[in-house]
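Enquirer: Next comes start.pdb, PDB, C-alpha atoms:
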```pdb
ATOM      1  CA  MET A 192      -0.042  15.303  14.248
ATOM      2  CA  ASP A 193       2.501  14.867  11.439
ATOM      3  CA  LEU A 194       0.485  13.933   8.337
ATOM      4  CA  THR A 195       3.478  13.483   6.041
ATOM      5  CA  PHE A 196       4.700  10.046   5.094
ATOM      6  CA  PRO A 197       8.279   9.086   6.039
ATOM      7  CA  ASP A 198      10.708   9.524   3.147
ATOM      8  CA  ASP A 199      10.849   5.837   2.254
ATOM      9  CA  VAL A 200       7.062   5.533   2.359
ATOM     10  CA  ALA A 201       6.685   8.649   0.216
ATOM     11  CA  LEU A 202       9.127   7.184  -2.312
ATOM     12  CA  PHE A 203       7.144   3.957  -2.322
ATOM     13  CA  GLY A 204       3.990   5.977  -2.936
ATOM     14  CA  ARG A 205       5.514   7.758  -5.920
ATOM     15  CA  SER A 206       6.518   4.404  -7.385
ATOM     16  CA  ALA A 207       2.988   3.116  -6.869
ATOM     17  CA  ALA A 208       1.509   6.202  -8.497
ATOM     18  CA  ALA A 209       3.768   5.741 -11.540
ATOM     19  CA  ALA A 210       2.880   2.047 -11.863
ATOM     20  CA  LEU A 211      -0.868   2.584 -11.442
ATOM     21  CA  THR A 212      -1.318   5.847 -13.322
ATOM     22  CA  ASP A 213      -4.679   6.152 -15.082
ATOM     23  CA  PRO A 214      -5.183   9.914 -15.514
ATOM     24  CA  ASN A 215      -8.563   9.761 -17.252
ATOM     25  CA  LEU A 216      -9.760   6.628 -15.421
ATOM     26  CA  ASP A 217     -10.306   4.879 -18.760
ATOM     27  CA  ARG A 218      -8.932   1.602 -17.418
ATOM     28  CA  THR A 219     -11.201   1.712 -14.393
ATOM     29  CA  ARG A 220     -14.166   2.572 -16.594
ATOM     30  CA  ARG A 221     -13.384  -0.490 -18.693
ATOM     31  CA  ALA A 222     -13.138  -2.606 -15.542
ATOM     32  CA  GLN A 223     -16.517  -1.348 -14.337
ATOM     33  CA  ASP A 224     -17.972  -2.396 -17.694
ATOM     34  CA  GLY A 225     -16.704  -5.946 -17.136
ATOM     35  CA  ASP A 226     -13.331  -5.852 -18.879
ATOM     36  CA  GLY A 227     -11.233  -8.377 -16.945
ATOM     37  CA  ALA A 228      -8.079  -7.327 -18.793
ATOM     38  CA  ALA A 229      -8.326  -3.890 -17.211
ATOM     39  CA  ILE A 230      -8.241  -5.424 -13.733
ATOM     40  CA  GLN A 231      -5.268  -7.576 -14.707
ATOM     41  CA  GLU A 232      -3.412  -4.403 -15.728
ATOM     42  CA  VAL A 233      -3.877  -2.998 -12.234
ATOM     43  CA  LEU A 234      -2.769  -6.271 -10.639
ATOM     44  CA  ALA A 235       0.348  -6.201 -12.833
ATOM     45  CA  GLY A 236       1.083  -2.689 -11.566
ATOM     46  CA  LEU A 237       0.769  -3.866  -7.975
ATOM     47  CA  ASP A 238       3.182  -6.723  -8.676
ATOM     48  CA  GLN A 239       5.603  -4.222 -10.169
ATOM     49  CA  VAL A 240       5.460  -2.131  -7.002
ATOM     50  CA  GLY A 241       6.075  -5.206  -4.840
ATOM     51  CA  ILE A 242       2.823  -5.521  -2.943
ATOM     52  CA  ASP A 243       3.789  -8.968  -1.668
ATOM     53  CA  GLN A 244       6.849  -7.511   0.062
ATOM     54  CA  LEU A 245       4.849  -5.391   2.491
ATOM     55  CA  ALA A 246       4.935  -6.518   6.133
ATOM     56  CA  LEU A 247       2.085  -5.019   8.104
ATOM     57  CA  ASP A 248       3.367  -5.485  11.641
ATOM     58  CA  GLU A 249       5.545  -2.340  11.694
ATOM     59  CA  PRO A 250       4.362   1.313  11.679
ATOM     60  CA  ASP A 251       6.171   2.329   8.489
ATOM     61  CA  SER A 252       5.062  -0.835   6.702
ATOM     62  CA  CYS A 253       1.479  -0.198   7.729
ATOM     63  CA  LEU A 254       1.770   3.370   6.466
ATOM     64  CA  ALA A 255       3.199   2.025   3.201
ATOM     65  CA  ALA A 256       0.169  -0.244   2.891
ATOM     66  CA  GLY A 257      -2.068   2.750   3.527
ATOM     67  CA  GLU A 258      -0.231   4.764   0.893
ATOM     68  CA  LEU A 259      -0.577   1.938  -1.620
ATOM     69  CA  ALA A 260      -4.313   1.742  -0.864
ATOM     70  CA  ARG A 261      -4.560   5.514  -1.323
ATOM     71  CA  GLN A 262      -2.924   5.310  -4.746
ATOM     72  CA  VAL A 263      -5.289   2.510  -5.797
ATOM     73  CA  GLY A 264      -8.164   4.686  -4.591
ATOM     74  CA  ARG A 265      -7.030   7.515  -6.841
ATOM     75  CA  ILE A 266      -7.703   5.342  -9.892
ATOM     76  CA  GLY A 267     -11.130   4.227  -8.688
ATOM     77  CA  SER A 268     -10.144   1.044  -6.841
ATOM     78  CA  PRO A 269     -10.748  -1.596  -9.553
ATOM     79  CA  VAL A 270      -9.177  -4.230  -7.251
ATOM     80  CA  PRO A 271     -10.002  -5.018  -3.585
ATOM     81  CA  ILE A 272      -6.753  -3.599  -2.260
ATOM     82  CA  ALA A 273      -7.846  -3.599   1.416
ATOM     83  CA  ALA A 274      -8.785  -7.292   1.204
ATOM     84  CA  MET A 275      -5.553  -8.146  -0.625
ATOM     85  CA  LEU A 276      -3.382  -6.472   2.007
ATOM     86  CA  THR A 277      -5.386  -7.957   4.881
ATOM     87  CA  ALA A 278      -4.748 -11.372   3.335
ATOM     88  CA  GLN A 279      -1.013 -10.700   3.550
ATOM     89  CA  LEU A 280      -1.348 -10.071   7.271
ATOM     90  CA  LEU A 281      -2.874 -13.536   7.635
ATOM     91  CA  GLY A 282      -0.656 -15.283   5.092
ATOM     92  CA  HIS A 283      -3.594 -16.089   2.826
ATOM     93  CA  ARG A 284      -3.068 -16.416  -0.927
ATOM     94  CA  GLY A 285      -6.391 -14.867  -1.956
ATOM     95  CA  ALA A 286      -8.275 -11.986  -0.377
ATOM     96  CA  VAL A 287      -9.651 -11.482   3.131
ATOM     97  CA  HIS A 288     -12.742  -9.290   3.182
ATOM     98  CA  ALA A 289     -14.308  -7.621   6.196
ATOM     99  CA  ILE A 290     -17.855  -8.919   6.699
ATOM    100  CA  GLY A 291     -20.628  -8.646   9.266
ATOM    101  CA  ALA A 292     -22.150 -11.428  11.328
ATOM    102  CA  GLU A 293     -24.773 -12.602   8.799
ATOM    103  CA  ARG A 294     -24.683 -15.876   6.885
ATOM    104  CA  GLN A 295     -24.570 -13.965   3.624
ATOM    105  CA  ALA A 296     -22.176 -11.120   2.885
ATOM    106  CA  LEU A 297     -21.734  -8.499   0.194
ATOM    107  CA  ILE A 298     -18.056  -8.212  -0.727
ATOM    108  CA  ASP A 299     -16.092  -6.116  -3.189
ATOM    109  CA  HIS A 300     -14.700  -8.419  -5.929
ATOM    110  CA  ALA A 301     -15.076 -12.180  -5.706
ATOM    111  CA  ASP A 302     -12.259 -14.015  -7.489
ATOM    112  CA  SER A 303     -12.933 -17.671  -8.204
ATOM    113  CA  ASP A 304      -9.245 -18.294  -8.955
ATOM    114  CA  ALA A 305      -8.202 -17.291  -5.447
ATOM    115  CA  PRO A 306     -10.649 -18.423  -2.734
ATOM    116  CA  SER A 307     -11.727 -15.540  -0.538
ATOM    117  CA  LEU A 308     -12.096 -15.468   3.220
ATOM    118  CA  GLY A 309     -14.199 -13.192   5.353
ATOM    119  CA  VAL A 310     -13.384 -11.812   8.788
ATOM    120  CA  SER A 311     -16.103 -10.541  11.114
ATOM    121  CA  PRO A 312     -15.632  -7.857  13.786
ATOM    122  CA  ASP A 313     -15.072 -10.512  16.484
ATOM    123  CA  GLY A 314     -12.099 -11.830  14.494
ATOM    124  CA  ALA A 315     -13.721 -15.058  13.253
ATOM    125  CA  ILE A 316     -12.351 -16.005   9.826
ATOM    126  CA  ARG A 317     -14.729 -17.864   7.530
ATOM    127  CA  PRO A 318     -14.658 -19.135   3.934
ATOM    128  CA  LEU A 319     -16.772 -17.211   1.412
ATOM    129  CA  HIS A 320     -18.689 -18.907  -1.389
ATOM    130  CA  PRO A 321     -19.854 -16.527  -4.151
ATOM    131  CA  LEU A 322     -23.420 -17.149  -5.268
ATOM    132  CA  GLU A 323     -23.845 -17.859  -8.961
ATOM    133  CA  SER A 324     -26.791 -15.491  -9.124
ATOM    134  CA  SER A 325     -24.815 -12.465  -7.913
ATOM    135  CA  ASP A 326     -24.263  -9.844 -10.595
ATOM    136  CA  PRO A 327     -20.865  -8.063 -10.482
ATOM    137  CA  LYS A 328     -22.051  -5.423 -12.986
ATOM    138  CA  ARG A 329     -24.795  -3.915 -10.817
ATOM    139  CA  LEU A 330     -25.054  -0.148 -11.073
ATOM    140  CA  LEU A 331     -24.515   0.619  -7.399
ATOM    141  CA  ALA A 332     -21.580  -1.733  -6.921
ATOM    142  CA  PRO A 333     -19.902  -2.778 -10.187
ATOM    143  CA  PHE A 334     -17.526  -5.290  -8.592
ATOM    144  CA  ALA A 335     -19.728  -6.573  -5.768
ATOM    145  CA  SER A 336     -20.687 -10.179  -5.168
ATOM    146  CA  VAL A 337     -23.026 -11.797  -2.683
ATOM    147  CA  CYS A 338     -21.454 -14.740  -0.845
ATOM    148  CA  ASP A 339     -22.575 -17.465   1.500
ATOM    149  CA  VAL A 340     -20.492 -17.415   4.677
ATOM    150  CA  GLY A 341     -19.092 -20.685   6.009
ATOM    151  CA  ASP A 342     -18.215 -21.785   9.520
ATOM    152  CA  PRO A 343     -15.202 -20.272  11.328
ATOM    153  CA  ILE A 344     -11.831 -21.803  10.507
ATOM    154  CA  SER A 345      -9.613 -19.546  12.647
ATOM    155  CA  THR A 346      -9.582 -16.255  14.547
ATOM    156  CA  ASP A 347      -7.517 -13.066  14.306
ATOM    157  CA  THR A 348      -8.843  -9.882  15.894
ATOM    158  CA  ARG A 349      -6.318  -7.718  14.030
ATOM    159  CA  ALA A 350      -7.758  -8.348  10.583
ATOM    160  CA  TRP A 351     -11.146  -6.569  10.615
ATOM    161  CA  PRO A 352      -9.740  -3.254  11.945
ATOM    162  CA  LEU A 353      -6.879  -3.408   9.438
ATOM    163  CA  HIS A 354      -9.264  -3.956   6.530
ATOM    164  CA  GLU A 355     -11.347  -0.936   7.528
ATOM    165  CA  LEU A 356      -8.247   1.194   8.059
ATOM    166  CA  LEU A 357      -7.022   0.356   4.567
ATOM    167  CA  SER A 358     -10.506   0.831   3.147
ATOM    168  CA  ALA A 359     -10.497   4.368   4.544
ATOM    169  CA  PHE A 360      -7.104   5.060   2.943
ATOM    170  CA  THR A 361      -8.492   3.773  -0.360
ATOM    171  CA  SER A 362     -11.441   6.140  -0.141
ATOM    172  CA  LEU A 363      -9.081   8.941   0.867
ATOM    173  CA  GLY A 364      -7.285   8.578  -2.464
ATOM    174  CA  THR A 365     -10.607   8.543  -4.310
ATOM    175  CA  LEU A 366     -11.752  11.703  -2.533
ATOM    176  CA  GLU A 367      -8.463  13.477  -3.222
ATOM    177  CA  GLN A 368      -8.940  12.704  -6.903
ATOM    178  CA  ALA A 369     -12.543  13.970  -6.759
ATOM    179  CA  MET A 370     -11.257  17.186  -5.171
ATOM    180  CA  GLU A 371      -8.706  17.627  -7.954
ATOM    181  CA  LEU A 372     -11.389  17.068 -10.592
ATOM    182  CA  SER A 373     -13.614  19.628  -8.879
ATOM    183  CA  THR A 374     -10.803  22.176  -8.689
ATOM    184  CA  GLU A 375      -9.999  21.726 -12.367
ATOM    185  CA  HIS A 376     -13.672  22.005 -13.323
ATOM    186  CA  LEU A 377     -14.084  25.279 -11.432
ATOM    187  CA  ARG A 378     -10.991  26.771 -13.023
ATOM    188  CA  GLU A 379     -11.832  25.781 -16.601
ATOM    189  CA  ARG A 380     -15.627  26.081 -16.933
ATOM    190  CA  GLU A 381     -17.294  29.450 -17.464
ATOM    191  CA  GLN A 382     -20.813  30.680 -16.813
ATOM    192  CA  PHE A 383     -22.177  34.138 -17.551
ATOM    193  CA  GLY A 384     -18.744  35.164 -18.804
ATOM    194  CA  ARG A 385     -16.981  34.188 -15.565
ATOM    195  CA  THR A 386     -15.168  31.085 -14.423
ATOM    196  CA  LEU A 387     -17.106  28.956 -11.965
ATOM    197  CA  ALA A 388     -14.239  29.478  -9.511
ATOM    198  CA  SER A 389     -15.261  33.124  -9.168
ATOM    199  CA  PHE A 390     -18.656  32.226  -7.668
ATOM    200  CA  GLN A 391     -18.583  32.324  -3.881
ATOM    201  CA  ALA A 392     -20.993  29.404  -3.492
ATOM    202  CA  MET A 393     -18.658  27.170  -5.505
ATOM    203  CA  GLN A 394     -15.659  28.379  -3.530
ATOM    204  CA  HIS A 395     -17.426  27.385  -0.313
ATOM    205  CA  ARG A 396     -18.216  23.914  -1.655
ATOM    206  CA  LEU A 397     -14.602  23.339  -2.650
ATOM    207  CA  ALA A 398     -13.421  24.589   0.751
ATOM    208  CA  ASP A 399     -15.814  22.161   2.439
ATOM    209  CA  ILE A 400     -14.382  19.312   0.359
ATOM    210  CA  ALA A 401     -10.838  20.266   1.346
ATOM    211  CA  VAL A 402     -11.701  20.363   5.063
ATOM    212  CA  LEU A 403     -13.512  17.012   4.920
ATOM    213  CA  VAL A 404     -10.658  15.298   3.081
ATOM    214  CA  ALA A 405      -8.058  16.733   5.462
ATOM    215  CA  GLY A 406     -10.066  15.512   8.455
ATOM    216  CA  LEU A 407     -10.335  11.980   7.089
ATOM    217  CA  ARG A 408      -6.621  11.963   6.339
ATOM    218  CA  GLU A 409      -5.764  12.967   9.914
ATOM    219  CA  LEU A 410      -8.085  10.378  11.449
ATOM    220  CA  ALA A 411      -6.700   7.658   9.169
ATOM    221  CA  PHE A 412      -3.131   8.505  10.207
ATOM    222  CA  TYR A 413      -4.148   8.495  13.870
ATOM    223  CA  THR A 414      -5.816   5.103  13.475
ATOM    224  CA  VAL A 415      -2.608   3.708  11.977
ATOM    225  CA  THR A 416      -0.771   4.614  15.179
ATOM    226  CA  LYS A 417      -3.486   2.965  17.278
ATOM    227  CA  TRP A 418      -3.522  -0.195  15.165
ATOM    228  CA  THR A 419       0.244  -0.627  15.145
ATOM    229  CA  ALA A 420       0.445  -0.031  18.916
ATOM    230  CA  ALA A 421      -2.286  -2.539  19.841
ATOM    231  CA  PRO A 422      -3.779  -4.272  16.774
ATOM    232  CA  GLU A 423      -5.706  -6.829  18.833
ATOM    233  CA  SER A 424      -7.735  -4.106  20.592
ATOM    234  CA  SER A 425      -8.226  -1.610  17.767
ATOM    235  CA  LEU A 426     -11.817  -2.483  16.818
ATOM    236  CA  SER A 427     -13.325   0.594  18.461
ATOM    237  CA  ASP A 428     -10.911   2.889  16.620
ATOM    238  CA  ALA A 429     -11.718   1.156  13.328
ATOM    239  CA  LEU A 430     -15.450   1.634  13.941
ATOM    240  CA  VAL A 431     -15.001   5.345  14.637
ATOM    241  CA  LEU A 432     -12.929   5.667  11.482
ATOM    242  CA  ARG A 433     -15.549   3.798   9.454
ATOM    243  CA  LEU A 434     -18.353   6.118  10.573
ATOM    244  CA  GLN A 435     -16.304   9.202   9.719
ATOM    245  CA  HIS A 436     -15.094   7.621   6.481
ATOM    246  CA  LEU A 437     -18.616   6.940   5.203
ATOM    247  CA  ASP A 438     -19.892  10.375   6.213
ATOM    248  CA  VAL A 439     -17.021  12.118   4.437
ATOM    249  CA  VAL A 440     -17.519  10.058   1.273
ATOM    250  CA  GLN A 441     -21.172  11.040   1.147
ATOM    251  CA  GLN A 442     -20.532  14.733   1.778
ATOM    252  CA  VAL A 443     -17.584  15.092  -0.593
ATOM    253  CA  PHE A 444     -19.402  13.532  -3.523
ATOM    254  CA  ARG A 445     -22.490  15.630  -2.778
ATOM    255  CA  HIS A 446     -20.387  18.776  -3.071
ATOM    256  CA  ALA A 447     -18.437  17.469  -6.067
ATOM    257  CA  HIS A 448     -21.613  16.621  -7.977
ATOM    258  CA  GLN A 449     -23.057  20.038  -7.197
ATOM    259  CA  ILE A 450     -19.887  21.609  -8.573
ATOM    260  CA  HIS A 451     -19.933  19.535 -11.767
ATOM    261  CA  GLY A 452     -23.656  19.610 -12.407
ATOM    262  CA  ALA A 453     -25.285  17.044 -14.685
ATOM    263  CA  ILE A 454     -22.054  16.149 -16.464
ATOM    264  CA  GLY A 455     -20.706  14.578 -13.271
ATOM    265  CA  PHE A 456     -23.412  11.906 -13.387
ATOM    266  CA  CYS A 457     -22.568  10.729 -16.919
ATOM    267  CA  ASP A 458     -20.999   7.260 -16.899
ATOM    268  CA  GLU A 459     -18.163   8.492 -19.126
ATOM    269  CA  HIS A 460     -17.125  11.245 -16.707
ATOM    270  CA  PRO A 461     -14.264  10.510 -14.270
ATOM    271  CA  LEU A 462     -16.309  11.771 -11.307
ATOM    272  CA  ALA A 463     -19.015   9.200 -12.005
ATOM    273  CA  VAL A 464     -16.363   6.476 -12.261
ATOM    274  CA  LEU A 465     -14.976   7.467  -8.858
ATOM    275  CA  ALA A 466     -18.391   7.720  -7.230
ATOM    276  CA  LYS A 467     -19.366   4.277  -8.470
ATOM    277  CA  SER A 468     -16.155   2.772  -7.086
ATOM    278  CA  VAL A 469     -16.936   3.738  -3.463
ATOM    279  CA  ARG A 470     -20.682   3.082  -3.308
ATOM    280  CA  VAL A 471     -20.292  -0.489  -2.127
ATOM    281  CA  ARG A 472     -18.543   0.725   1.025
ATOM    282  CA  GLN A 473     -21.845   2.150   2.263
ATOM    283  CA  TYR A 474     -23.126  -1.432   2.501
ATOM    284  CA  MET A 475     -20.123  -3.643   3.252
ATOM    285  CA  PRO A 476     -19.028  -4.877   5.673
ATOM    286  CA  LEU A 477     -21.697  -3.059   7.710
ATOM    287  CA  THR A 478     -24.257  -0.367   7.030
ATOM    288  CA  VAL A 479     -23.851   2.961   8.772
ATOM    289  CA  ASP A 480     -26.544   2.067  11.317
ATOM    290  CA  ALA A 481     -25.005  -1.345  12.037
ATOM    291  CA  THR A 482     -21.579   0.268  12.468
ATOM    292  CA  ALA A 483     -22.978   2.769  14.962
ATOM    293  CA  LEU A 484     -24.768   0.057  16.944
ATOM    294  CA  LEU A 485     -21.602  -2.015  17.146
ATOM    295  CA  LEU A 486     -19.629   1.022  18.274
ATOM    296  CA  VAL A 487     -22.043   1.535  21.178
ATOM    297  CA  ASP A 488     -20.896  -1.819  22.573
ATOM    298  CA  HIS A 489     -17.247  -0.693  22.425
ATOM    299  CA  LEU A 490     -17.427   2.907  23.621
ATOM    300  CA  ASP A 491     -15.513   2.058  26.787
ATOM    301  CA  GLN A 492     -12.504   1.100  24.638
ATOM    302  CA  ILE A 493     -12.158   4.554  23.051
ATOM    303  CA  ASP A 494      -9.615   7.005  24.439
ATOM    304  CA  LEU A 495     -11.682  10.047  25.412
ATOM    305  CA  PRO A 496     -10.601  13.317  27.060
ATOM    306  CA  PHE A 497     -13.329  12.727  29.685
ATOM    307  CA  PRO A 498     -14.514   9.644  31.633
ATOM    308  CA  LEU A 499     -17.471   7.756  30.181
ATOM    309  CA  SER A 500     -19.851   6.600  32.920
ATOM    310  CA  THR A 501     -22.049   3.544  32.619
ATOM    311  CA  SER A 502     -25.177   5.705  32.651
ATOM    312  CA  SER A 503     -23.944   7.951  29.836
ATOM    313  CA  LYS A 504     -23.058   4.908  27.760
ATOM    314  CA  ALA A 505     -26.516   3.457  28.281
ATOM    315  CA  THR A 506     -28.322   6.680  27.321
ATOM    316  CA  GLY A 507     -25.913   7.792  24.549
TER     317      GLY A 507
END
```
How would this structure read if it were set down as C-alpha cells?
Expert:
Amino acid sequence: MDLTFPDDVALFGRSAAAALTDPNLDRTRRAQDGDGAAIQEVLAGLDQVGIDQLALDEPDSCLAAGELARQVGRIGSPVPIAAMLTAQLLGHRGAVHAIGAERQALIDHADSDAPSLGVSPDGAIRPLHPLESSDPKRLLAPFASVCDVGDPISTDTRAWPLHELLSAFTSLGTLEQAMELSTEHLREREQFGRTLASFQAMQHRLADIAVLVAGLRELAFYTVTKWTAAPESSLSDALVLRLQHLDVVQQVFRHAHQIHGAIGFCDEHPLAVLAKSVRVRQYMPLTVDATALLLVDHLDQIDLPFPLSTSSKATG
C-alpha cells in the first residue's frame, strides 16, 4: 500500500504544520492548564489553513482531513479536530462528537458557544448538553466534559466511522511526535559514560515504537480507502481501527516512558503533555471492551481472506 500523501495533500500538510507549529508544546501545556487563549491560537491556525474548505466526500479531501488531524495531533490536540471535521461532513456549525449509546457521554472539549452534537455507532445524531458539574481540568482528560444526551434529531451512518478514522490520524501525529522525542532523548542523554542510544534494550524499545506507529499509519490509510468507497457501511472497519489505535497508543507511550524515565512523567515535559492529550480516547466514545463487543456484532462485514462461518462468529 502506498503510504505517501498525494502532492497536493502533502503541500496542505506542510502548510498546516507551519500554521500550527508548537515545537516545545508550550501552547498546548497552557491549554491543558485552562488557558482559553491558547486554544484560540490553534483555532486561528486552522482558519489560516482553510479548514472550512475541506470537502470530505472525495478520497484526496478525506486524506487532507486526515493529514490536518495528524498535524493537530503532533501538537497535543488542544482542539477536538475529529469532531470539528465530522461536523463539516454534516454541515453543522459546532462539533459532532462520536458517542456510545448511553444517556450520558464523555466528550473531548465542550464549547458552549457552538452547540455540540453526538453521533452514536448506529448513526443517530443527538444534541449534547454539558453538565455544569463536569470539570474540564481533570488530570486524566484535561479537555473532557460529561454531557447529557438528547433524543435523536437525524441520522447519518457515515459520521461515527469518520470521527474514529480522524481520531486515529490525530493519535498518529501524537505518536510520531512521541517517537521523535524518544529518539532525541536517546541520542542526547548519557548514562555510565555512554549515550542511551548505545544500550540494546533502548534500541529495541525505539524499534518497537517505530513498528507500532508504522502499522497504525498503514491501517489508517487503508481505512480511508474503505470509508471513501462505502462510507455508509464502514462501521466495522472503524471499529477494527479503533481497537488497533487504542492498543498502539498504550504500547507506544509505555515504551516512550520507559525510555525517558521519571522525567517523562513531569507535567512540564513534552512527553507528559502528549500522553495527557490522548488519555480521553481510552474512554470515549467507547471503552476498549465496549468496542470489541460491538465489533463482534459486525464481524460479517469485515473483508477477510477466509470465510467466517456462523459457528466461528458465535464462539470467537
Enquirer: Excluding Val464 of chain A and any residue of its chain fewer than 5 positions from it, enumerate the residues within 8 Å of it, using only C-alpha atoms, and give them as a ChimeraX atom specification.
Expert: /A:216,219-220,267,458-459
Enquirer: For the selection you just gave me, I'd like the residues written to a file as a tab-separated table (two decimals), in the frame of the given file, keeping C-alpha atoms.
Expert:
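Just written: out.tsv:
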```
chain	number	residue	atom	x	y	z
A	216	LEU	CA	-9.76	6.63	-15.42
A	219	THR	CA	-11.20	1.71	-14.39
A	220	ARG	CA	-14.17	2.57	-16.59
A	267	GLY	CA	-11.13	4.23	-8.69
A	458	ASP	CA	-21.00	7.26	-16.90
A	459	GLU	CA	-18.16	8.49	-19.13
```
Enquirer: Which residues are close to segment 402-419 of chain A, i.e. within 9 Å by all atoms listed in the file, leaving aside same-chain residues fewer than 4 positions away? Reply as a ChimeraX atom specification.
Expert: /A:192-194,247-250,253-254,257,349,352-353,356-357,359-360,363,366-367,370,397-398,423-426,428-429,432,435-436,439-440,442-443
Enquirer: Please expand the PyMOL selection byres ((chain A and resi 281) around 12) into the concrete residues it hits in this file, giving the result as JSON, numbers by chain.
Expert: {"A": [246, 247, 248, 274, 275, 276, 277, 278, 279, 280, 282, 283, 284, 285, 286, 287, 288, 308, 309, 310, 314, 316, 345, 346, 347, 348, 349, 350, 351, 353, 354]}
Enquirer: Report, as AutoDock Vina command-line options, the axis-aligned box around all atoms of segment 395-413 of chain A present in the file, extended by 4 Å on each side; give centre and edge lengths in Å to one decimal place.
Expert:
```
--center_x -10.7 --center_y 17.5 --center_z 5.6 --size_x 23.1 --size_y 27.7 --size_z 24.5
```
Enquirer: If you measure from atom CA of Val431 of chain A to atom CA of Ser358 of chain A, what distance in Å do you get, rounded to one decimal?
Expert: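 Taking atom CA of Val431 of chain A and atom CA of Ser358 of chain A, their separation equals 13.1 Å.
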Enquirer: Just the residues within 6 Å of segment 260-264 of chain A, please, counting only C-alpha atoms, with nothing from its chain fewer than 5 positions along; format it as a list in words.
Expert: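 Counting only the stated atoms, we get Ala208, Phe360, Thr361, Ser362, Gly364 and Thr365 of chain A.
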Enquirer: Distance atom CA of Ser427 of chain A-atom CA of His489 of chain A, one decimal place?
Expert: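 We find that atom CA of Ser427 of chain A and atom CA of His489 of chain A lie 5.7 Å from each other.
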Enquirer: Between atom CA of Phe334 of chain A and atom CA of Asp224 of chain A, what is the distance in Å, rounded to a tenth?
Expert: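 Those two atoms sit 9.6 Å apart.
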Enquirer: Identify, on the basis of all atoms listed in the file, every residue whose closest approach to Glu375 of chain A does not exceed 12 Å; exclude the query and any residue fewer than 5 positions from it along the same chain; express the result as JSON, numbers by chain.
Expert: {"A": [368, 369, 370, 380, 381, 386, 387, 388, 397, 447, 450, 451, 462]}
